[in-house]
Each structure stands twice: as C-alpha cells, then as structure tokens.
Amino acid sequence: MAGRGRSGQGGADADRGISEQLLFASTQPLFPPATRQPDGANEAGGPVAESRVIPVLPPEIARLQPPPVLPDRIAAWTRRMRLLLRQDWRGALGSVVSLELDRGAAFLFAPVFLAAGAAVYFSLTEEPAFLQPVASCLALAAIALLAGAKSHLAAMAMLFFVLGILAGKVETWRMPGDTLGAEVSTGITGRVVAVEPMASGRTRLTLDVLGTERPKLRYQPERVRLSALAVPEGIKAGSMVNGYARLMPPAGPVRPDGYDFSFESFFDGIGATGFFMGKPKLVTPANDAMPVMARLSAAVETARETIAARIRATIGGAEGEIAAALIVGVRAGIPESVNEAMRRTGIYHIISISGLHMALVAGTVMALLRGTFALFPDFSARHPVKKYAALAALVSIAAYLAISGMVVAAERSFIMLAVMLVAVLLDRAALSMRNLAISAVVVILIAPHEVVGPSFQMSFAATAALIGAYAAWSERRGIAPTGPPPARSLAGFLVHKSLVGLIGLAVTSIVAGLATALFAAWHFQRISPLSLLANLAVMPIVSLVVMPAAVFSALAMPFGADGPFLYAMGKGLSAMMAIAEWISARSPVDAVGLVSTQSVLLVTAALAIGAMATTWLRLLAVPLAFAGIVAMDDVETPDVLVAEDARLVAMPIGGGELAVSRPRPNAFTLDNWRRALDAETVVLPETAASAGVALADAQDLPPGTPFLCAQDLCFARHPDGPVVATAPNARAAKPACAVAAVIVIDDATARDLCEDAAVVVITRQDLARAGSAAVYFDPQNAAAAATARFALEDSSRPWHAQRRFSREARGLPPRQQERVKSNAKAGKFDASANRFDADTNRRDARANKRDATPNGPDVTTEQRDHAPQTPEN
C-alpha cells in the first residue's frame with residue numbers, strides 16, 4: 001500500500017508488499033562474517049569486536065569452510081557447536097530482546113496480557129469489587145511513567161493485565177442481570193427484536209418484555225427468547241405480541257468444565273428462554289413511542305429478515321438457508337444434518353462471517369470501482385481513485401458488519417480491514433500483525449467475555465498463525481535472490497498459477513488447522529481429520545463462485561436484478577454441500593475426549609511467541625508446543641456424569657460404550673457427554689426382570705454392567721466395581737443405600753437418607769444449586785468413597801446468582817401447575833390462547849412430552865443454538 005521505494009528497497013519491494021519483519025529488519029545478518037585476521041595471527045587470536053545489537057559468533061566460525069569430505073564436514077560442525085556453547089547467551093538474549101522491542105513486539109503482546117486479565121476475571125469464583133482493579137491500574141500507570149526501561153515494560157505488562165480484569169468487571173456491571181430464577185408460566189407482552197425461522201419448523205422470537213400478568217412477575221427479565229409452533233402473519237422486528245408462555249432460567253453447563261449457557265445468556269441480555277403455549281397474537285401498541293435505539297435496531301433487523309426471505313424464496317432449500325447465513329448471518333434455519341456434515345469436514349468456518357467474507361467483499365468492491373474508474377482516464381489521472389475505492393470498500397464492509405449480526409469474527413475482521421483501508425486513505429503502510437493486535441484490543445475492551453469463548457480464541461489463533469507464517473515466508477523471500485520468471489506459454493502460465501493457488505490454499509488450511517485444532521478439541525472434544533481435503537475441495541468454489549455471487553447479488557438486489565447471481569450462488573452451495581456430505585460420510589470418528597487446560601495454555605503461549613517474534617526467539621515456541629501436546633491427556637476423566645435436572649445419568653462401561661439411565665435421553669446432553677468421554681456406542685437401560693437380576697444382587701453383577709431398571713429404581717455397575725443407582729424420590733432410593741456407592745435422586749426434598757459417608761448421595765437440590773455433577777472413583781481402592789464435583793461449585797458470580805431462587809434450590813417440591821382459565825373481564829388473552837385449541841394442544845403435548853426435552857419443547861434447541869458448535873475463523 002505504500003508508494004514506490006517507501007520501504008527503502010525500491011520498486012520491487014513495493015510491488016511485493018511490505019512485511020513487518022522487512023520494515024524493521026536490521027542491515028546486519030544474525031551471524032555476520034568476521035573480519036579477516038592480520039597475517040601471522042593464529043586461531044587463538046583476539047576476537048573481532050562484537051555488535052552490541054545482534055549477537056556475533058567468534059571469528060573462527062567465519063573461517064570454517066566445510067570441505068567436501070564428509071568426516072571433515074562433521075568435524076567442522078562439531079567445532080562450530082562447541083563455539084556456540086561457549087557464547088555469552090545472556091548478552092545475546094538481551095540483544096535479541098532489544099531488537100524485538102525495536103520492531104514493536106511490546107505492542108503486539110498488549111492484547112495477550114489484556115486477554116489474560118479478562119480470562120482470570122471470568123474464572124474467579126467470587127465477584128471482585130471495583131476498588132482493587134481501579135487502584136491497581138492507577139498504581140501501575142504511575143510506576144510505568146516513573147520507572148526505567150526494564151521496569152517500565154514489566155509495569156506495562158501488569159497494567160494491561162489488570163486492565164483486562166477491569167474491562168471484565170465493567171462489562172459485568174453494565175449488564176442488566178435480571179435473569180429469571182425459576183420456571184414459571186405467565187402471560188407476556190413484548191416487542192419483537194428478532195424473528196428466526198428454524199429448521200425444526202418452529203419460529204424463535206427474541207422479545208423485549210413490556211409486561212407480564214397472571215401471574216405478574218415482580219422481577220421480570222428485560223429480554224427473553226421464546227419459540228412458537230406458529231406465529232401471526234406479518235410479524236417482524238418492532239411488532240408487539242402477547243401470549244401465554246412457559247419461561248425457564250438459562251441452563252447451566254451439561255457437565256463440569258463444559259460450556260455455560262447461563263454465562264452466554266447473561267452477556268447477551270437474555271433473562272429467560274422457553275416457548276409459547278399456543279400461537280402468540282399481534283397487538284396494537286397504545287402509543288408509538290419506541291426508543292430511538294430500538295427503532296434503529298428494528299430497522300436493521302427488518303432489513304435482515306427481508307433480505308433473508310428474498311434469498312430463501314429465490315434459492316430455496318438448505319442452499320437458501322446457507323446463503324442467508326453468508327449474506328445476513330441468519331443461521332437458525334440450516335438443517336442439522338448439513339451443520340453436522342460441515343462440522344465433521346472442518347468447513348463450518350465458511351458459514352461464519354469472518355475474514356474471508358470481509359476480504360472478498362472489500363476486494364470485490366475495490367476491484368469493481370477501480371475497474372470502473374479506469375474507463376475514465378482523464379478523471380483517474382486527476383483524482384486519487386484508489387482512495388475513493390478504499391473509502392467505498394470501508395463503507396461496504398461496515399454495512400456488511402451491521403447486516404450480518406456483528407459476531408466476534410466479523411468484528412475482528414472489520415477492524416483489521418478498516419485499519420488497512422484507513423492506512424490507504426492516509427498514505428501509510430498497513431502492518432498486518434499490528435492490525436490484528438489493534439482489533440484484538442478493541443474487541444477485548446468492548447466485549448471482554450468473548451475472550452473465554454471459542455469464537456474469539458479460534459478466530460484470533462488462526463489469523464495470528466496465518467499472518468506469522470506469511471511474514472516468515474516473506475522475509476525469506478525478500479532475502480533470497482530471485483531471478484526473472486521463466487518464459488511460459490499461456491497453458492503453462494495457467495497451470496503454474498493454478499498449482500501456486502492450490503499450494504497456497506493447502507498451506508493456509510494446514511496452518512489455520514494446526515493453530516485451531518487444540519482449541520477445537522478443548523471446547524468441542526472433536527477434530528476434523530479430513531478438513532484439509534474438504535477445504536481444498538470447497539474453498540475454490542466459495543472464493544470464485546459463492547462469495548463473488550453474494551457480493552454482486554447484494555449490489556443488484558435494490559434494483560431487482562439479483563436473480564442470476566443468487567442462482568449462481570445456489571449452484572455453488574449445492575456443489576459445496578455435496579462435497580461436504582461425501583467427505584463427511586467417509587470421515588472417521590471425530591471424538592477425542594477431554595483435553596487438559598494446561599495443554600491449551602502452553603499451546604497458546606507457543607502460538608503467541610511463534611507468530612509475533614521476528615528473530616530466533618520464535619524457536620522458543622517449539623518446546624512450549626511440544627509440552628502442550630504431551631500434556632493433552634493430563635486430565636481426569638469422570639466415571640459418572642449427572643445432568644443438572646437429575647433425570648439423566650451416564651457412565652462409561654468400557655469398550656467405547658456409554659451406559660445411560662433413561663431410554664430416551666436428552667439428545668444434546670448425550671452428544672456432549674459421548675464426545676467428552678470418547679464413547680462411540682450408547683447403551684440404553686434394560687428391565688431388571690428381563691435380566692433376572694434384583695437390586696440385592698447388584699454387587700454381584702459383572703463389572704461394566706449397564707443400567708437395569710426395576711420399577712422406580714435403576715442401577716448399574718462401574719468397570720471398577722462400584723454400583724450407581726438412580727431414583728425419582730427418597731422412598732425409592734432407600735433400598736439402594738445397602739449396595740450403591742453413588743445414588744442420584746430426582747427429588748429436591750430428599751436429604752442424605754443413607755447416613756453413610758461411603759455413599760455419595762446427589763439430590764435435585766444439590767444439582768439445582770451447583771449445576772451438573774461429575775463423579776470420580778478411586779481406581780486403586782474400589783471401597784473408597786467416591787468424589788463428586790459440581791459444575792458451578794462455590795460460584796457466586798452474577799450469571800449464576802439466579803439459581804438460588806428456584807424451588808428446587810430451596811428444597812421445595814415443584815409447584816403444581818394450575819390450568820389457565822379464561823377471564824373475559826381481563827380481556828388480555830382470548831379463550832383460544834387460554835384453553836388452547838385441540839390441534840395446538842395435541843401438538844404441544846407431543847413436543848412437551850419428549851423425554852429428550854424435559855423442560856419443554858425447545859430446551860434442546862435452545863441449548864444447541866446457544867452452544868458453540870464450530871470455530872468461527
């Protein structure tokens with residue numbers, strides 16, 4: 001982006017672009033040749049004066065010319081290694097660190113310390129006060145201003161770390177925090193924020209709550225997310241609706257160390273989830289005094305819905321849903337089978353609006369405008385048309401960001417491209433790694449909770465790895481001599497460019513895949529072994545057909561001429577889906593089990609050093625990465641997992657089998673547990689009578705026996721010997737005290753009825769207070785008491801505070817739901833909404849009775865839509 005000769009290398013370097021390493025590169029090599037010794041000086045003569053900037057080897061190394069004979073070559077390298085070992089590495093390290101600082105490495109590590117501080121804040125079990133981080137920031141800022149060079153760097157690193165903690169505290173403080181504490185059925189009136197048709201046939205509505213009644217909630221949430229079997233015609237963002245709904249608090253993690261749905265709901269401002277009992281009704285507002293921001297948000301959301309509807313109507317099917325996701329970021333309607341195929345093949349990042357999409361939009365707009373300006377040479381000669389094109393591209397990606405839902409990957413990509421385009425406007429050189437650091441700082445300060453999410457981690461990891469790899473390759477290319485390109489025919493030229501593009505795509509996929517593989521395994525317990533093949537197959541289609549057609553369709557849509565472009569986009573997506581499904585069917589099992597947290601921390605440190613360092617210090621990333629890989633399996637796998645509603649218990653029984661306590665388990669929870677425990681087969685429970693076994697014989701069962709159920713009690717035997725039992729109440733659980741090591745009771749009023757320290761009793765009250773549980777047995781001593789660890793144990797953070805208000809957490813039985821009766825005087829809900837007509841009632845009954853969704857028809861859907869399923873790169 002700089003003019004000719006800006007880098008000091010002449011026009012050739014300007015054509016290749018400016019590398020961050022080349023811009024700050026020293027004119028001296030890392031190991032420069034020594035000055036020739038005077039005649040008569042022996043090898044033990046005085047060394048040549050060393051540079052104080054770059055470490056220099058003694059002159060003997062420079063005179064060692066390896067002879068052609070192999071033994072002499074080995075001897076020369078042996079002497080060289082001895083000299084290297086005698087170097088003053090402390091001084092050499094200081095010189096290299098100084099060189100890194102001169103090249104701007106300190107700024108590149110600023111977001112690393114910011115992110116570390118935010119991660120530490122969100123991992124605390126208790127909420128800190130404002131005083132400590134504010135006082136620490138002021139003290140560290142004063143130290144940084146008054147301290148010397150070395151102390152200044154240490155103080156600045158600590159300052160950014162504490163700023164990350166403070167940013168997390170401020171974000172938590174400004175959240176509404178009005179999360180529903182217990183399940184309740186109530187009449188709700190709200191303003192529609194978003195309307196999302198779902199692949200299941202239901203429609204998900206996000207509402208700003210205006211009021212509740214029958215009963216009127218004293219602490220009603222500000223925003224809820226509800227699903228409905230049917231919605232009124234003409235409903236859109238900004239509409240006002242009312243209806244009778246079942247509201248539920250956001251769910252916690254399905255297992256300890258799992259994804260916390262309540263955490264994400266808290267920072268999304270969602271105070272409750274649930275479903276409408278019947279069809280909601282449109283109502284006319286008493287006044288049209290909608291807040292300005294709500295009106296603006298409704299206008300943007302209406303535009304998204306209109307564009308998505310037009311895309312679905314033109315393309316149709318799963319292709320239309322994917323096209324809507326690519327253009328306006330609406331992903332709820334994509335069939336789960338298509339989502340799973342893309343996850344297994346590692347191409348789901350295509351659906352996430354990120355750097356690829358932003359770059360293609362900006363590049364297409366700039367190329368189109370510059371090509372148009374080229375048709376008017378007189379105008380182009382008198383005006384900075386490149387800046388005009390850059391400004392138009394900046395406006396285009398800003399509009400794309402707004403219309404796409406502003407996810408983290410899109411925000412990061414927009415900030416990076418915005419910095420580059422602004423650099424074009426100001427005639428400055430844009431440094432890519434600095435752009436990434438700037439975007440990371442902005443994202444962390446705006447939404448620090450994203451730091452602990454997979455989207456932020458995988459997005460920045462992939463981008464940092466790609467930029468670092470390209471910078472290292474550019475540095476070698478700039479140093480190595482290059483000759484004129486060989487003469488090729490047109491066919492040879494096309495073949496050469498195609499091979500170069502294919503190799504570049506393969507290297508990009510390998511680098512990004514390696515950078516994000518461990519994060520994917522840590523968050524999702526899955527990998528995509530055939531992702532390289534899938535990306536090589538589909539990325540040319542996406543880059544050359546799908547995304548250009550998407551850009552041109554968006555430009556042509558206001559004129560009604562988007563049909564041909566959407567048709568081409570649909571055909572490209574059909575080819576992409578066919579390839580993904582074919583590869584997915586041949587992909588091996590992708591579950592990898594649990595990955596240790598320390599492994600992720602080590603690999604993160606290795607990635608930061610390897611991507612940001614510009615000297616041989618990047619080699620320090622190798623031992624860190626190796627240690628991270630070795631530590632992957634350093635994690636304790638649970639022997640028993642218990643859902644937070646106490647209705648589902650799972651236990652690995654060996655041979656890749658997972659035994660469950662219910663014949664129709666929660667599909668989402670079970671899938672998560674299966675991948676975490678690296679189990680391929682699910683074993684459903686059997687009746688004890690058919691097996692000819694009674695509870696008294698449980699300890700005589702073969703180790704690894706799956707669950708056997710007799711009346712209200714189910715029991716199984718772990719491969720190590722202990723017996724696990726589940727019961728709906730204390731009365732049914734009492735006989736299990738004599739044989740079981742772990743008893744799970746789906747009753748909040750039950751207490752530790754066994755009165756035996758060797759028996760672990762987990763009640764519905766325990767799970768309501770502290771979330772799902774994991775049980776660990778002692779493999780060395782089967783008679784030792786088991787250890788139970790809860791997902792939210794000792795946590796009193798604001799996003800978990802609502803749990804203590806539920807009836808189950810207070811040890812009370814569930815409230816009997818009374819039938820809602822019509823009240824003509826109230827006039828708020830008509831008889832059909834109160835009684836539910838027969839058809840709707842039957843449909844809701846079928847949905848509500850699913851054993852997979854104990855809290856209502858959309859619990860599994862809400863969990864699946866909240867949970868991070870794939871990387872967003």
# chains A, B, ... in the order shown; residues from 1 in each chain; ligands from 1
$ select_by_dssp --residues "segment 483-591 of chain A" --states "alpha helix (DSSP H)" --output "PyMOL selection string"
chain A and resi 490-524+531-541+547-556+563-585
$ residues_around --residues "segment 517-521 of chain A" --least-positions-apart "5" --cutoff "9 Å" --atoms "only C-alpha atoms" --output "ChimeraX atom specification"
/A:454,457-458,461,512,526-528,591-595,599-600,603,629,632,870-871
$ residues_around --residues "Ala228 of chain A" --least-positions-apart "3" --cutoff "6 Å" --atoms "only C-alpha atoms" --output "list in words"
Arg202, Thr203, Phe275 and Phe276 of chain A
$ closest_residue --among "A:Glu196, A:Ala142, A:Asp208, A:Leu368" --to "Pro291 of chain A" --atoms "only C-alpha atoms"
A:Asp208
$ residues_around --residues "Val683 of chain A" --least-positions-apart "3" --cutoff "7 Å" --atoms "only C-alpha atoms" --output "list of chain:residue names"
A:Glu657, A:Leu658, A:Ala659, A:Val660, A:Pro706
$ atom_distance --atom1 "atom CA of Met342 of chain A" --atom2 "atom CA of Met576 of chain A"
9.6 Å
